[in-house]
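Colleague: A single structure is presented below for examination.
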Amino acid sequence: MDKLRVVLLFGGRSSEHSISCATAGGVLGAIDRDRFEVIPVGITRDGAYVLESDDPARFGLDPEHLPEVVDNGTRVRWPESASSRELRVTDASGERSLGDVDVVFPILHGRFGEDGTVQGVLELAGLPYVGNGVLASAVGMDKHFTKTVLQGAGIEVAPWVTLTRSALDDDPELWKRRVHGLGLPVFVKPARAGSSVGVTKVSDWSELHGALDIAFAEDGAVLIESAVVGREIECGVLEGRPGDGVRVSVAGEVVVTGRDFYDFDAKYLDAAGVELICPADLGDGELFELQRIARRAFEAIGGQGLARVDVFLTGEGFVVNEINTMPGFTPISMFPTCWLNSGLSYADLITELIEVGYAAGRR
(Lines give C-alpha, C1' and ligand atoms only; values in the text may rest on other atoms or scores of the structure.)
Protein backbone atom coordinates (compact mmCIF):
# COMPACT_ATOMS: atom_id res chain seq x y z
CA MET A 1 0.00 0.00 0.00
CA ASP A 2 1.40 3.41 -1.00
CA LYS A 3 2.13 5.85 1.79
CA LEU A 4 -0.08 8.91 2.19
CA ARG A 5 1.89 12.14 1.80
CA VAL A 6 0.96 14.32 4.78
CA VAL A 7 1.79 18.00 5.20
CA LEU A 8 2.26 18.70 8.89
CA LEU A 9 1.47 22.40 9.23
CA PHE A 10 2.51 24.17 12.44
CA GLY A 11 3.79 27.37 14.06
CA GLY A 12 1.72 30.35 12.94
CA ARG A 13 1.12 33.97 13.84
CA SER A 14 -0.72 33.47 17.12
CA SER A 15 0.55 33.81 20.68
CA GLU A 16 0.41 29.99 20.83
CA HIS A 17 3.11 29.61 18.17
CA SER A 18 5.49 27.69 20.46
CA ILE A 19 2.79 25.31 21.66
CA SER A 20 1.99 24.45 18.05
CA CYS A 21 5.69 23.73 17.48
CA ALA A 22 5.77 21.47 20.56
CA THR A 23 2.73 19.63 19.22
CA ALA A 24 4.61 19.17 15.93
CA GLY A 25 7.50 17.62 17.82
CA GLY A 26 5.15 15.11 19.43
CA VAL A 27 3.49 14.18 16.14
CA LEU A 28 6.79 13.91 14.23
CA GLY A 29 8.11 11.54 16.88
CA ALA A 30 5.07 9.26 16.91
CA ILE A 31 3.57 9.25 13.42
CA ASP A 32 3.61 5.88 11.66
CA ARG A 33 6.33 6.26 9.03
CA ASP A 34 5.31 2.98 7.40
CA ARG A 35 1.95 4.54 6.49
CA PHE A 36 2.79 8.21 6.06
CA GLU A 37 5.39 10.33 4.32
CA VAL A 38 5.65 13.62 6.21
CA ILE A 39 6.38 17.06 4.79
CA PRO A 40 6.90 19.42 7.77
CA VAL A 41 5.81 22.94 6.84
CA GLY A 42 6.29 25.67 9.41
CA ILE A 43 4.61 29.06 9.48
CA THR A 44 6.84 31.79 10.90
CA ARG A 45 5.52 34.41 13.30
CA ASP A 46 5.32 36.72 10.27
CA GLY A 47 3.27 34.23 8.27
CA ALA A 48 5.88 32.83 5.85
CA TYR A 49 5.52 29.15 4.89
CA VAL A 50 8.91 27.41 5.18
CA LEU A 51 10.13 23.84 4.79
CA GLU A 52 11.02 22.79 8.31
CA SER A 53 13.10 20.12 10.01
CA ASP A 54 11.72 16.58 10.37
CA ASP A 55 13.60 16.15 13.67
CA PRO A 56 11.22 15.87 16.68
CA ALA A 57 13.99 16.99 19.05
CA ARG A 58 14.09 20.34 17.26
CA PHE A 59 10.70 21.19 18.82
CA GLY A 60 11.05 20.09 22.41
CA LEU A 61 9.12 22.21 24.92
CA ASP A 62 11.86 23.71 27.08
CA PRO A 63 10.69 26.49 29.47
CA GLU A 64 14.06 28.20 29.00
CA HIS A 65 13.90 28.09 25.23
CA LEU A 66 10.46 27.68 23.66
CA PRO A 67 10.52 26.17 20.16
CA GLU A 68 9.64 28.26 17.14
CA VAL A 69 9.65 28.32 13.37
CA VAL A 70 12.48 30.54 12.13
CA ASP A 71 12.75 31.94 8.63
CA ASN A 72 15.32 29.68 6.98
CA GLY A 73 14.95 31.29 3.56
CA THR A 74 12.84 28.53 2.01
CA ARG A 75 9.34 29.21 0.69
CA VAL A 76 6.70 26.54 0.30
CA ARG A 77 4.23 27.11 -2.52
CA TRP A 78 0.71 25.74 -2.33
CA PRO A 79 -0.87 24.33 -5.52
CA GLU A 80 -1.59 27.00 -8.09
CA SER A 81 -5.17 25.82 -8.57
CA ALA A 82 -7.64 23.30 -7.20
CA SER A 83 -6.86 21.05 -10.19
CA SER A 84 -3.43 20.26 -8.74
CA ARG A 85 -2.15 18.93 -5.42
CA GLU A 86 1.53 19.55 -6.11
CA LEU A 87 3.51 21.27 -3.35
CA ARG A 88 6.69 23.10 -4.35
CA VAL A 89 9.54 24.70 -2.45
CA THR A 90 11.98 27.45 -3.37
CA ASP A 91 15.39 27.61 -1.72
CA ALA A 92 18.92 28.76 -2.51
CA SER A 93 19.31 26.06 -5.17
CA GLY A 94 16.11 26.99 -7.01
CA GLU A 95 12.61 25.53 -7.09
CA ARG A 96 11.69 21.86 -6.79
CA SER A 97 8.63 19.70 -6.34
CA LEU A 98 7.72 18.10 -3.01
CA GLY A 99 5.17 15.88 -4.74
CA ASP A 100 1.40 15.71 -4.62
CA VAL A 101 -0.23 16.21 -1.24
CA ASP A 102 -2.76 13.65 -0.02
CA VAL A 103 -3.85 15.43 3.16
CA VAL A 104 -2.83 18.39 5.33
CA PHE A 105 -2.65 18.08 9.12
CA PRO A 106 -2.89 21.65 10.50
CA ILE A 107 -1.79 21.48 14.13
CA LEU A 108 -2.14 25.21 14.65
CA HIS A 109 -3.39 26.69 17.90
CA GLY A 110 -5.04 30.08 18.31
CA ARG A 111 -5.76 32.76 15.72
CA PHE A 112 -4.68 32.48 12.09
CA GLY A 113 -4.86 28.71 12.19
CA GLU A 114 -7.40 27.29 14.60
CA ASP A 115 -10.00 29.92 13.71
CA GLY A 116 -10.96 28.84 10.20
CA THR A 117 -8.51 31.06 8.31
CA VAL A 118 -6.08 28.32 7.28
CA GLN A 119 -8.99 25.94 6.77
CA GLY A 120 -10.34 28.45 4.24
CA VAL A 121 -7.01 28.51 2.41
CA LEU A 122 -7.02 24.72 2.20
CA GLU A 123 -10.63 24.69 0.99
CA LEU A 124 -9.75 27.17 -1.77
CA ALA A 125 -6.78 25.02 -2.78
CA GLY A 126 -8.95 21.89 -2.82
CA LEU A 127 -6.73 20.04 -0.34
CA PRO A 128 -8.17 17.50 2.13
CA TYR A 129 -7.24 18.25 5.72
CA VAL A 130 -7.53 16.95 9.24
CA GLY A 131 -9.88 18.48 11.76
CA ASN A 132 -12.69 20.97 11.84
CA GLY A 133 -13.93 22.96 8.87
CA VAL A 134 -14.19 26.72 8.46
CA LEU A 135 -17.44 27.21 10.37
CA ALA A 136 -16.73 24.99 13.38
CA SER A 137 -13.19 26.35 13.66
CA ALA A 138 -14.42 29.96 13.61
CA VAL A 139 -17.22 29.32 16.11
CA GLY A 140 -15.03 27.28 18.43
CA MET A 141 -12.30 29.92 18.44
CA ASP A 142 -14.67 32.71 19.46
CA LYS A 143 -15.82 32.16 23.05
CA HIS A 144 -18.79 34.51 22.68
CA PHE A 145 -20.22 32.68 19.69
CA THR A 146 -19.42 29.27 21.16
CA LYS A 147 -21.52 30.16 24.18
CA THR A 148 -24.26 31.62 22.02
CA VAL A 149 -24.49 28.47 19.87
CA LEU A 150 -24.36 26.11 22.86
CA GLN A 151 -26.97 28.10 24.75
CA GLY A 152 -29.20 27.90 21.68
CA ALA A 153 -28.75 24.12 21.69
CA GLY A 154 -29.94 23.92 25.29
CA ILE A 155 -26.48 23.33 26.78
CA GLU A 156 -25.65 25.02 30.09
CA VAL A 157 -22.87 27.65 29.97
CA ALA A 158 -21.60 30.16 32.52
CA PRO A 159 -23.20 33.65 32.47
CA TRP A 160 -21.07 36.17 30.59
CA VAL A 161 -20.81 39.66 29.18
CA THR A 162 -18.91 40.47 25.96
CA LEU A 163 -17.59 43.96 25.32
CA THR A 164 -15.24 45.88 23.07
CA ARG A 165 -13.03 48.80 24.01
CA SER A 166 -15.14 51.23 21.97
CA ALA A 167 -18.38 50.05 23.59
CA LEU A 168 -16.81 50.40 27.02
CA ASP A 169 -15.60 53.93 26.23
CA ASP A 170 -19.02 54.95 24.81
CA ASP A 171 -21.02 54.03 27.91
CA PRO A 172 -18.81 52.93 30.83
CA GLU A 173 -21.62 53.09 33.40
CA LEU A 174 -23.85 50.75 31.40
CA TRP A 175 -21.09 48.17 31.09
CA LYS A 176 -20.12 48.58 34.73
CA ARG A 177 -23.68 47.66 35.77
CA ARG A 178 -23.76 44.67 33.44
CA VAL A 179 -20.39 43.37 34.57
CA HIS A 180 -21.04 43.92 38.27
CA GLY A 181 -24.30 42.02 37.82
CA LEU A 182 -22.23 38.87 37.31
CA GLY A 183 -20.88 39.05 40.84
CA LEU A 184 -17.37 38.15 42.00
CA PRO A 185 -15.16 36.41 41.17
CA VAL A 186 -15.10 36.66 37.39
CA PHE A 187 -12.70 35.59 34.67
CA VAL A 188 -11.66 38.11 32.03
CA LYS A 189 -10.74 36.45 28.73
CA PRO A 190 -9.93 37.48 25.16
CA ALA A 191 -12.77 36.28 22.95
CA ARG A 192 -10.36 34.61 20.53
CA ALA A 193 -7.33 33.15 22.27
CA GLY A 194 -6.58 29.77 23.76
CA SER A 195 -4.41 28.07 26.36
CA SER A 196 -5.45 30.66 28.96
CA VAL A 197 -3.44 33.34 27.13
CA GLY A 198 -4.55 36.78 28.33
CA VAL A 199 -6.86 35.32 31.00
CA THR A 200 -7.10 36.86 34.47
CA LYS A 201 -9.14 35.89 37.51
CA VAL A 202 -10.64 38.99 39.15
CA SER A 203 -11.58 38.72 42.82
CA ASP A 204 -11.92 42.46 43.48
CA TRP A 205 -13.41 45.05 41.12
CA SER A 206 -10.27 47.18 41.51
CA GLU A 207 -8.47 44.51 39.45
CA LEU A 208 -10.86 44.70 36.51
CA HIS A 209 -9.25 47.45 34.43
CA GLY A 210 -5.82 45.80 34.56
CA ALA A 211 -7.38 42.49 33.54
CA LEU A 212 -9.18 44.16 30.63
CA ASP A 213 -5.91 45.68 29.41
CA ILE A 214 -4.28 42.23 29.39
CA ALA A 215 -7.20 40.69 27.50
CA PHE A 216 -7.54 43.54 25.00
CA ALA A 217 -3.85 43.11 24.15
CA GLU A 218 -4.84 39.73 22.66
CA ASP A 219 -8.15 40.56 20.99
CA GLY A 220 -10.55 43.41 20.28
CA ALA A 221 -13.41 41.64 22.04
CA VAL A 222 -13.30 40.44 25.65
CA LEU A 223 -15.50 38.15 27.72
CA ILE A 224 -16.18 38.69 31.40
CA GLU A 225 -17.51 35.45 32.75
CA SER A 226 -18.91 34.33 36.09
CA ALA A 227 -16.57 31.94 37.88
CA VAL A 228 -18.12 28.49 38.20
CA VAL A 229 -17.41 26.46 41.32
CA GLY A 230 -17.00 22.84 40.38
CA ARG A 231 -14.65 20.09 39.27
CA GLU A 232 -12.81 20.77 36.00
CA ILE A 233 -13.50 17.84 33.68
CA GLU A 234 -12.39 17.35 30.07
CA CYS A 235 -13.04 14.73 27.40
CA GLY A 236 -12.10 14.14 23.79
CA VAL A 237 -14.40 13.84 20.79
CA LEU A 238 -13.56 12.14 17.50
CA GLU A 239 -15.49 12.19 14.25
CA GLY A 240 -16.08 8.67 13.02
CA ARG A 241 -15.05 7.31 9.66
CA PRO A 242 -17.74 7.57 6.96
CA GLY A 243 -20.74 5.64 8.20
CA ASP A 244 -19.61 5.60 11.82
CA GLY A 245 -20.84 7.82 14.63
CA VAL A 246 -19.08 10.37 16.81
CA ARG A 247 -17.02 8.87 19.64
CA VAL A 248 -16.32 10.40 23.04
CA SER A 249 -13.44 9.38 25.29
CA VAL A 250 -13.34 8.76 29.00
CA ALA A 251 -12.98 11.90 31.11
CA GLY A 252 -9.91 13.51 32.63
CA GLU A 253 -9.88 15.90 35.58
CA VAL A 254 -7.76 18.97 36.23
CA VAL A 255 -7.17 19.41 39.96
CA VAL A 256 -5.84 22.88 40.80
CA THR A 257 -4.36 23.08 44.29
CA GLY A 258 -1.81 25.89 44.34
CA ARG A 259 -2.83 28.30 41.58
CA ASP A 260 -5.76 30.57 40.79
CA PHE A 261 -6.63 28.52 37.69
CA TYR A 262 -5.26 26.16 35.06
CA ASP A 263 -3.06 28.71 33.28
CA PHE A 264 -0.50 28.56 30.46
CA ASP A 265 2.46 27.67 32.71
CA ALA A 266 0.55 24.82 34.32
CA LYS A 267 -0.64 23.45 30.97
CA TYR A 268 2.67 23.44 29.16
CA LEU A 269 5.63 24.33 31.38
CA ASP A 270 5.02 21.82 34.18
CA ALA A 271 4.39 24.51 36.78
CA ALA A 272 3.46 23.31 40.27
CA GLY A 273 -0.02 23.34 41.74
CA VAL A 274 -1.91 21.26 39.16
CA GLU A 275 -2.58 17.54 38.90
CA LEU A 276 -4.08 15.82 35.85
CA ILE A 277 -6.10 12.71 36.64
CA CYS A 278 -7.31 10.33 33.95
CA PRO A 279 -9.68 8.63 34.06
CA ALA A 280 -11.62 11.00 36.30
CA ASP A 281 -13.55 9.55 39.20
CA LEU A 282 -17.10 9.75 37.82
CA GLY A 283 -20.10 7.51 38.30
CA ASP A 284 -21.44 5.66 35.27
CA GLY A 285 -24.40 8.03 35.07
CA GLU A 286 -22.17 11.10 35.28
CA LEU A 287 -19.86 9.82 32.54
CA PHE A 288 -22.80 8.94 30.31
CA GLU A 289 -24.27 12.44 30.75
CA LEU A 290 -20.90 14.10 30.13
CA GLN A 291 -20.39 12.13 26.93
CA ARG A 292 -23.91 13.00 25.79
CA ILE A 293 -23.28 16.71 26.36
CA ALA A 294 -19.86 16.58 24.67
CA ARG A 295 -21.34 14.88 21.61
CA ARG A 296 -24.19 17.38 21.49
CA ALA A 297 -21.80 20.33 21.80
CA PHE A 298 -19.62 18.95 18.99
CA GLU A 299 -22.61 18.55 16.75
CA ALA A 300 -24.00 21.99 17.67
CA ILE A 301 -20.95 23.78 16.25
CA GLY A 302 -20.82 21.50 13.20
CA GLY A 303 -17.71 19.71 14.47
CA GLN A 304 -15.48 17.58 12.25
CA GLY A 305 -12.38 15.59 13.05
CA LEU A 306 -11.73 16.25 16.70
CA ALA A 307 -12.38 18.47 19.70
CA ARG A 308 -11.86 18.63 23.42
CA VAL A 309 -14.88 19.65 25.48
CA ASP A 310 -14.14 21.27 28.85
CA VAL A 311 -16.82 21.37 31.53
CA PHE A 312 -17.36 22.11 35.20
CA LEU A 313 -19.18 19.52 37.28
CA THR A 314 -21.20 21.44 39.86
CA GLY A 315 -23.76 20.35 42.41
CA GLU A 316 -26.47 20.99 39.79
CA GLY A 317 -24.78 19.20 36.89
CA PHE A 318 -22.43 19.98 34.01
CA VAL A 319 -21.64 23.48 32.74
CA VAL A 320 -19.67 23.65 29.47
CA ASN A 321 -16.68 25.97 29.67
CA GLU A 322 -15.41 25.75 26.09
CA ILE A 323 -14.82 23.61 23.02
CA ASN A 324 -11.27 23.43 21.73
CA THR A 325 -11.26 22.50 18.04
CA MET A 326 -7.50 21.85 17.96
CA PRO A 327 -6.68 20.81 21.51
CA GLY A 328 -3.21 20.53 22.97
CA PHE A 329 -1.73 17.50 21.24
CA THR A 330 1.63 16.80 22.86
CA PRO A 331 1.92 13.19 24.11
CA ILE A 332 1.13 14.29 27.69
CA SER A 333 -1.74 16.64 26.83
CA MET A 334 -5.20 15.84 28.16
CA PHE A 335 -6.76 15.07 24.77
CA PRO A 336 -4.41 12.20 23.81
CA THR A 337 -4.29 11.06 27.45
CA CYS A 338 -8.08 10.66 27.50
CA TRP A 339 -7.92 8.61 24.29
CA LEU A 340 -5.03 6.54 25.61
CA ASN A 341 -7.22 5.62 28.58
CA SER A 342 -10.02 4.83 26.12
CA GLY A 343 -7.83 2.29 24.30
CA LEU A 344 -6.30 4.43 21.52
CA SER A 345 -2.53 5.01 21.63
CA TYR A 346 -0.94 8.32 20.65
CA ALA A 347 0.37 6.90 17.37
CA ASP A 348 -2.97 5.26 16.57
CA LEU A 349 -4.79 8.51 17.38
CA ILE A 350 -2.62 10.35 14.84
CA THR A 351 -3.33 7.65 12.26
CA GLU A 352 -7.06 7.79 12.95
CA LEU A 353 -7.22 11.57 12.52
CA ILE A 354 -5.24 11.56 9.28
CA GLU A 355 -7.23 8.72 7.73
CA VAL A 356 -10.57 10.28 8.69
CA GLY A 357 -9.48 13.63 7.23
CA TYR A 358 -8.27 11.96 4.06
CA ALA A 359 -11.49 9.95 3.70
CA ALA A 360 -13.65 13.04 4.23
CA GLY A 361 -11.93 14.68 1.27
CA ARG A 362 -13.71 18.05 1.63
CA ARG A 363 -13.58 18.59 -2.13
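Going by the C-alpha coordinates order, chains are called A, B, ..., each with residues numbered from 1, while ligands are numbered from 1 in the order shown.
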Dump as a Markdown table the rows for residues of segment 171-207 of chain A within 12 Å of segment 324-332 of chain A: closest atom pair and distance in Å with one decimal, only C-alpha atoms counted, ordered by chain and rising residue number.

Modeller:
```
| residue | atom | partner | partner_atom | distance |
| --- | --- | --- | --- | --- |
| A:Arg192 | CA | A:Asn324 | CA | 11.3 |
| A:Ala193 | CA | A:Asn324 | CA | 10.5 |
| A:Gly194 | CA | A:Asn324 | CA | 8.1 |
| A:Ser195 | CA | A:Gly328 | CA | 8.4 |
| A:Ser196 | CA | A:Asn324 | CA | 11.8 |
```

Colleague: Set the distance at 6 Å and use only C-alpha atoms: which residues neighbour segment 342-345 of chain A once local chain neighbours fewer than 4 positions away are removed? I'd like the list as number ranges by chain.

Modeller: A: 249-250, 349

Colleague: So that I have them on file, write out the residues from the current selection with C-alpha atoms, as a PDB file, in the first residue's frame.

Modeller:
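Okay, again.pdb is ready:
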```
ATOM      1  CA  SER A 249     -13.435   9.382  25.293  1.00  0.00           C
ATOM      2  CA  VAL A 250     -13.342   8.763  28.999  1.00  0.00           C
ATOM      3  CA  LEU A 349      -4.788   8.506  17.376  1.00  0.00           C
TER       4      LEU A 349
END
```

Colleague: Using only C-alpha atoms, determine which residues lie at most 8 Å from Pro242 of chain A, disregarding the query and same-chain residues fewer than 4 positions distant; provide the list as a ChimeraX atom specification.

Modeller: /A:356,359-360

Colleague: Hey, can you check how far atom CA of Gly183 of chain A sits from atom CA of Met141 of chain A?

Modeller: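 One can read the atom CA of Gly183 of chain A to atom CA of Met141 of chain A distance as 25.7 Å.
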
Colleague: Could you go through segment 67-309 of chain A and tell me which residues DSSP, when run on the backbone, assigns to strand (DSSP E), listing them as a PyMOL selection string?

Modeller: chain A and resi 75-77+86-91+94-100+103-106+160-164+186-190+200-202+221-226+231-238+247-256+274-277+306-309

Colleague: Can you tell me, as a PyMOL selection string, what residues are no more than 9 Å from Arg75 of chain A when counting only C-alpha atoms, ignoring any on the same chain fewer than 6 positions away?

Modeller: chain A and resi 48-51+88-91

Colleague: List the spatial neighbours of segment 125-135 of chain A as JSON, numbers by chain - criterion: any atom at most 8 Å away, only C-alpha atoms, same-chain residues fewer than 2 positions off excluded.

Modeller: {"A": [78, 79, 80, 81, 82, 83, 85, 101, 102, 103, 104, 105, 106, 115, 116, 117, 119, 120, 121, 122, 123, 137, 138, 139, 301, 302, 303, 304, 305, 306, 325, 326, 353, 354, 356, 357, 358, 360, 361, 362, 363]}
